[in-house]
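Everything on this sheet refers to the single structure shown next.
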Amino acid sequence: MKTLHVYLTRQVLATLLMTVAVFTFVLLLGNALKEILVLLINRQATLGGVVEAFALLIPFVLVFALPMGMLTAVLLVFGRFSADQELTAVRSSGISLVALMMPILLLSLFLCGVSAAINMEIAPRCRVAYKDLLNRMKAKMASVGLPEGTFIRSVDKDSVFMFFVEHNDGKNLRGIHVWELDKEGHTQSMTEAPRGTLSSSGQKLLLSLFDSRTLQKSTDGTNTVWRDGMGTVEKELDFTQAGPVQGVQALGDMTYRELQVTLYTMENAFSVAADQKKLTHKELQEQMQMIRMAQDMTMPVRVQIHQQVAFSFACFGFTLVGIPLGIRAHRRETNIGIAMALGLVLIYYSFIILGQSLQGHPRLAPHLIVWLPNFIFQAVGAVMLWRANKGI
């Protein structure tokens, strides 16, 4: 028995490491193409910054990669175990399936603890640090300056500016070209300067152009006139995109403890009087309205709290379903196992998405909906495991 336990555990662990690595790489690549690649193209990110960004993203993507990897691992291992008739040999020796898979269930419970630590503490902190790093990369233009030989775009309230610098030594600029466009993309002015400087003010930059030459477009009846001007020009630039207000943190970026503090603060803000016997009918109506308002305001926080906890048990539910499903599939092909895993993951996450979409409807208890996939997968997995153990 011990030999079988060691054999299965080693097989599952080896496959788990491989599948988690693959899913982590795919999810990291998706985030990189969406956020980091833009900074690389604009030369706002260094190699060290990119490596740090990927390192901070790993805990965030592990939230999803770890359950998916565990499900795929048990599907592949037990599918091969069944297809190679090894399960038949084990059963002929009088060993039950439940006794055989006990180390794998214990491994899944251990991974639930790891997932809880990642979901509730590590991933939110790394996500906040990752966003701060992106903001620093965007603002780093102030110290690096406009990269030479590259077209840079800056969006103002009513205009769009395009910049091109021929030479940049980090402080002094040479051969500066600035185009001002309207919202339709039509050129409104062109400015050229042989030299200039760039200084920072927070996340904004102050571009000073010396001995500049400006061609300004103006409409005079039916004729279009370009006016030539000389002198010193200063422009305030902002290369960062609009982001969250400083000090305001998204619910998805909060740790479990921070969410509890937020919920406690909000509940106190909407607290009602304890003695309702002395209240008038109008005051009771106002208090009921206050209670409904409190439910509407606090429900997104409750959903996030329950989601962090419920999602930590995904590995156990996936393991209970994956083992008998892999045995029943009786296939050793990798593509079959991955396809089944993706289908089950899609079903599981659909409940999470449903709970999030209903967080504006507290009467539907969306904070409990996020627990449904765990209950369903564990119940279905227990029944399937019982049937597989009985050979049904």
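For the structure tokens, the naming scheme is as follows: chains receive sequential letters (A, B, ...) according to their order of presentation, residues are indexed from 1 within each chain, and ligands are indexed from 1 in presentation order.
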Problem - Surrounding residues of A:Glu192 excluding itself and chain neighbours under 4 positions, 7 Å, only C-alpha atoms, as a list of chain:residue names - result: A:Ile176, A:His177, A:Val178, A:Ser212, A:Arg213, A:Thr214
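Proximity to A:His306 was assessed for A:Asn119, A:Leu364, A:Ser350, A:Met162 counting only C-alpha atoms; the smallest distance is recorded for A:Asn119.
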Handout entry: Pick from A:Thr3, A:Asn168, A:Thr46, A:Thr72 nearest to A:Asn335, counting only C-alpha atoms
Key = A:Thr72
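Using only C-alpha atoms, the contacts of A:Ile58 at a cut-off of 12 Å, with sequence neighbours closer than 6 positions omitted, comprise Val20, Ala21, Phe23, Thr24, Phe25, Val26, Leu27, Leu28, Leu29, Asn31, Ala32, Val51, Glu52, Phe64, Ala65, Leu66, Ile118, Ile122, Ala123, Pro124, Arg125, Cys126, Arg127 and Tyr130 of chain A.
Nearest residue to A:Thr255, choosing from A:Ser108, A:Gln188, A:Gln304, A:Ser208 and counting only C-alpha atoms: A:Gln304.
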Problem - Shortest interatomic distance to A:Ala314 - which of A:Ile36, A:Ala14, A:Val114, A:Met101, counting only C-alpha atoms - result: A:Val114
Handout entry: Residues near A:Met120, cut-off 12 Å, only C-alpha atoms, skip fewer than 6 positions along chain, as a ChimeraX atom specification
Key = /A:59-60,63,112-114,126-127,251-260,304-312
Exercise for the section: Quick one: everything within 12 Å of A:Ser82, counting only C-alpha atoms, minus sequence neighbours fewer than 6 positions away in the same chain. Send it as a ChimeraX atom specification. Expected result: /A:74-76,88-91,97,323-333,388
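Straight-line separation from atom CA of A:Leu105 to atom CA of A:Pro366: 29.0 Å.
One finds atom CA of A:Ala99 at 25.8 Å from atom CA of A:Met18.
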